[in-house]
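Enquirer: My structure is stored as model-v4.cif, with mmCIF, C-alpha atoms, pLDDT in the B column; chains and numbers go by the auth columns.
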data_work
loop_
_atom_site.group_PDB
_atom_site.id
_atom_site.type_symbol
_atom_site.label_atom_id
_atom_site.label_comp_id
_atom_site.label_asym_id
_atom_site.label_seq_id
_atom_site.Cartn_x
_atom_site.Cartn_y
_atom_site.Cartn_z
_atom_site.B_iso_or_equiv
_atom_site.auth_seq_id
_atom_site.auth_asym_id
ATOM 1 C CA MET A 1 0.000 -10.520 18.009 88.00 1 A
ATOM 2 C CA TYR A 2 -1.384 -11.010 14.506 91.00 2 A
ATOM 3 C CA ALA A 3 0.355 -10.307 11.197 91.00 3 A
ATOM 4 C CA ILE A 4 -2.040 -8.454 8.892 92.00 4 A
ATOM 5 C CA ARG A 5 -1.157 -7.720 5.270 93.00 5 A
ATOM 6 C CA VAL A 6 -2.455 -4.414 3.911 92.00 6 A
ATOM 7 C CA ARG A 7 -2.461 -3.150 0.333 92.00 7 A
ATOM 8 C CA LEU A 8 -3.631 0.332 -0.589 91.00 8 A
ATOM 9 C CA GLN A 9 -3.901 1.600 -4.156 90.00 9 A
ATOM 10 C CA ALA A 10 -4.462 5.012 -5.662 86.00 10 A
ATOM 11 C CA ARG A 11 -8.059 5.453 -6.814 85.00 11 A
ATOM 12 C CA GLY A 12 -8.458 5.371 -10.565 80.00 12 A
ATOM 13 C CA GLY A 13 -4.999 3.880 -11.063 71.00 13 A
ATOM 14 C CA ARG A 14 -3.355 7.282 -11.219 73.00 14 A
ATOM 15 C CA PRO A 15 0.164 7.341 -9.778 70.00 15 A
ATOM 16 C CA LEU A 16 0.089 9.155 -6.443 73.00 16 A
ATOM 17 C CA ARG A 17 3.045 9.422 -4.120 76.00 17 A
ATOM 18 C CA PRO A 18 2.124 8.195 -0.639 73.00 18 A
ATOM 19 C CA PRO A 19 3.280 10.051 2.456 75.00 19 A
ATOM 20 C CA ALA A 20 6.335 8.790 4.322 83.00 20 A
ATOM 21 C CA ALA A 21 6.021 5.472 6.163 86.00 21 A
ATOM 22 C CA PRO A 22 6.088 7.113 9.643 88.00 22 A
ATOM 23 C CA ALA A 23 3.068 9.259 8.696 87.00 23 A
ATOM 24 C CA VAL A 24 1.181 6.181 7.461 87.00 24 A
ATOM 25 C CA ARG A 25 1.989 4.267 10.651 90.00 25 A
ATOM 26 C CA ALA A 26 0.926 7.223 12.808 90.00 26 A
ATOM 27 C CA GLY A 27 -2.374 7.395 10.917 89.00 27 A
ATOM 28 C CA LEU A 28 -2.984 3.673 11.430 90.00 28 A
ATOM 29 C CA GLU A 29 -2.167 3.963 15.130 91.00 29 A
ATOM 30 C CA ARG A 30 -4.621 6.871 15.527 90.00 30 A
ATOM 31 C CA GLY A 31 -7.371 4.908 13.770 90.00 31 A
ATOM 32 C CA LEU A 32 -6.872 1.626 15.642 90.00 32 A
ATOM 33 C CA ARG A 33 -9.226 1.360 18.601 89.00 33 A
ATOM 34 C CA ALA A 34 -8.011 0.238 22.035 87.00 34 A
ATOM 35 C CA PRO A 35 -7.300 -2.283 23.364 90.00 35 A
ATOM 36 C CA ALA A 36 -5.827 -3.271 19.962 90.00 36 A
ATOM 37 C CA ARG A 37 -2.469 -1.669 19.167 92.00 37 A
ATOM 38 C CA ILE A 38 0.286 -1.847 16.587 93.00 38 A
ATOM 39 C CA GLY A 39 3.399 -3.699 17.691 90.00 39 A
ATOM 40 C CA HIS A 40 5.387 -3.314 14.481 89.00 40 A
ATOM 41 C CA ALA A 41 4.737 -2.245 10.907 91.00 41 A
ATOM 42 C CA ARG A 42 6.766 -2.789 7.756 91.00 42 A
ATOM 43 C CA ILE A 43 5.613 -0.412 5.029 91.00 43 A
ATOM 44 C CA ARG A 44 6.744 -0.377 1.386 89.00 44 A
ATOM 45 C CA GLN A 45 5.607 2.414 -0.899 85.00 45 A
ATOM 46 C CA GLY A 46 5.570 2.968 -4.612 82.00 46 A
ATOM 47 C CA ALA A 47 3.837 5.287 -7.049 78.00 47 A
ATOM 48 C CA GLY A 48 0.174 4.407 -6.751 83.00 48 A
ATOM 49 C CA GLU A 49 0.547 1.532 -4.278 86.00 49 A
ATOM 50 C CA LEU A 50 1.417 0.897 -0.658 89.00 50 A
ATOM 51 C CA ASP A 51 2.033 -2.549 0.836 91.00 51 A
ATOM 52 C CA ALA A 52 2.458 -3.244 4.527 92.00 52 A
ATOM 53 C CA VAL A 53 2.618 -6.041 7.047 92.00 53 A
ATOM 54 C CA VAL A 54 1.284 -4.729 10.334 93.00 54 A
ATOM 55 C CA PHE A 55 1.628 -6.711 13.544 93.00 55 A
ATOM 56 C CA VAL A 56 -1.445 -5.962 15.644 94.00 56 A
ATOM 57 C CA ALA A 57 -1.810 -6.901 19.292 94.00 57 A
ATOM 58 C CA ALA A 58 -5.492 -7.697 19.818 93.00 58 A
ATOM 59 C CA ARG A 59 -7.758 -10.143 21.655 93.00 59 A
ATOM 60 C CA SER A 60 -8.497 -12.080 18.465 91.00 60 A
ATOM 61 C CA LEU A 61 -7.603 -12.288 14.793 89.00 61 A
ATOM 62 C CA LEU A 62 -11.031 -10.952 13.847 90.00 62 A
ATOM 63 C CA GLU A 63 -10.556 -7.935 16.133 92.00 63 A
ATOM 64 C CA ALA A 64 -7.106 -7.289 14.636 92.00 64 A
ATOM 65 C CA GLU A 65 -8.369 -7.460 11.042 92.00 65 A
ATOM 66 C CA ASP A 66 -11.519 -5.422 11.670 93.00 66 A
ATOM 67 C CA GLY A 67 -9.675 -2.790 13.681 93.00 67 A
ATOM 68 C CA LEU A 68 -6.973 -2.352 11.072 94.00 68 A
ATOM 69 C CA ARG A 69 -9.560 -2.268 8.275 94.00 69 A
ATOM 70 C CA ASP A 70 -11.391 0.540 10.126 94.00 70 A
ATOM 71 C CA ALA A 71 -8.092 2.392 10.654 93.00 71 A
ATOM 72 C CA CYS A 72 -7.370 2.110 6.915 93.00 72 A
ATOM 73 C CA GLY A 73 -10.863 3.463 6.229 93.00 73 A
ATOM 74 C CA GLU A 74 -10.112 6.551 8.305 92.00 74 A
ATOM 75 C CA LEU A 75 -6.742 6.943 6.618 90.00 75 A
ATOM 76 C CA THR A 76 -8.233 6.774 3.108 91.00 76 A
ATOM 77 C CA GLY A 77 -11.464 8.639 3.879 90.00 77 A
ATOM 78 C CA GLU A 78 -12.202 12.227 2.992 89.00 78 A
ATOM 79 C CA GLY A 79 -9.701 14.439 4.780 87.00 79 A
ATOM 80 C CA GLY A 80 -7.528 11.444 5.729 85.00 80 A
ATOM 81 C CA THR A 81 -3.768 11.249 5.265 83.00 81 A
ATOM 82 C CA LEU A 82 -4.325 8.995 2.229 86.00 82 A
ATOM 83 C CA SER A 83 -7.524 10.438 0.778 87.00 83 A
ATOM 84 C CA GLY A 84 -7.458 9.560 -2.908 85.00 84 A
ATOM 85 C CA TRP A 85 -6.417 6.007 -2.044 89.00 85 A
ATOM 86 C CA GLU A 86 -8.505 2.879 -1.474 91.00 86 A
ATOM 87 C CA LEU A 87 -8.081 -0.275 0.536 92.00 87 A
ATOM 88 C CA HIS A 88 -7.479 -3.318 -1.648 91.00 88 A
ATOM 89 C CA THR A 89 -6.463 -5.957 0.936 90.00 89 A
ATOM 90 C CA CYS A 90 -6.535 -6.197 4.727 90.00 90 A
ATOM 91 C CA GLU A 91 -6.232 -9.784 5.936 89.00 91 A
ATOM 92 C CA ALA A 92 -4.124 -12.066 8.074 87.00 92 A
ATOM 93 C CA ASP A 93 -0.900 -13.248 6.498 73.00 93 A
ATOM 94 C CA THR A 94 -1.021 -16.994 7.063 70.00 94 A
ATOM 95 C CA TRP A 95 2.556 -17.590 5.880 60.00 95 A
ATOM 96 C CA ILE A 96 3.925 -15.298 8.562 61.00 96 A
ATOM 97 C CA ALA A 97 1.452 -16.538 11.185 57.00 97 A
ATOM 98 C CA LEU A 98 2.530 -20.130 10.597 55.00 98 A
ATOM 99 C CA GLY A 99 6.231 -19.277 10.422 55.00 99 A
ATOM 100 C CA LEU A 100 6.540 -20.514 6.839 51.00 100 A
ATOM 101 C CA HIS A 101 7.935 -17.337 5.266 51.00 101 A
ATOM 102 C CA GLY A 102 11.550 -18.303 5.974 53.00 102 A
ATOM 103 C CA LEU A 103 11.460 -21.888 4.744 49.00 103 A
ATOM 104 C CA PRO A 104 13.573 -22.728 1.704 53.00 104 A
ATOM 105 C CA THR A 105 11.639 -23.256 -1.492 53.00 105 A
ATOM 106 C CA ARG A 106 12.147 -26.156 -3.856 49.00 106 A
ATOM 107 C CA PRO A 107 12.640 -25.558 -7.574 51.00 107 A
#
The structure given in the file should be rewritten as structure tokens.
Expert:
Amino acid sequence: MYAIRVRLQARGGRPLRPPAAPAVRAGLERGLRAPARIGHARIRQGAGELDAVVFVAARSLLEAEDGLRDACGELTGEGGTLSGWELHTCEADTWIALGLHGLPTRP
């Protein structure tokens, strides 16, 4: 399982309201090619931006990133659930992968 961070932004910087998180997840699941699959997704939306951490079960990190990037392309393409949006980031989240996200920080 690989933690992939995704950031989508409205094209042209205009504030668009994204669809509900379940619709976004369903779109990503439809676009992800087997044998890769989504184990869990945490999606946060705002006007003109959508951030997510998607846990993808895949044979390799490269397969997880590429598959999710393709799924985002379908989601943001013409006729997609998020047409009018564009993919800004789709890459492994090393902090989560290494288990460092919960460590206390020093001032």
Enquirer: On this structure, which residues satisfy the PyMOL selection byres ((chain A and resi 19-27) around 10), written as a PyMOL selection string?
Expert: chain A and resi 16-18+28-32+38+40-45+50+52+54+71-72+74-76+80-82
Enquirer: So that I can see what lies close to Pro35 (chain A), please list as a ChimeraX atom specification the residues with an atom at most 12 Å from it, counting all atoms listed in the file and leaving out residues fewer than 6 positions away in the same chain.
Expert: /A:29,56-60,63-64,67
Enquirer: I need the output of the PyMOL selection byres ((chain A and resi 8) around 6) for this file as a list in words; which residues are they?
Expert: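 The output of the PyMOL selection byres ((chain A and resi 8) around 6) on this file is Arg7, Gln9, Glu49, Leu50, Glu86, Leu87 and His88 of chain A.
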Enquirer: One decimal, Å: what's the distance from CA of Ala3 (chain A) over to CA of Ser83 (chain A), could you say?
Expert: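 CA of Ala3 (chain A) sits 24.5 Å away from CA of Ser83 (chain A).
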Enquirer: Rounded to one decimal in Å, what is the spacing between CA of Val53 (chain A) and CA of Ala34 (chain A)?
Expert: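 CA of Ala34 (chain A) lies 19.4 Å from CA of Val53 (chain A).
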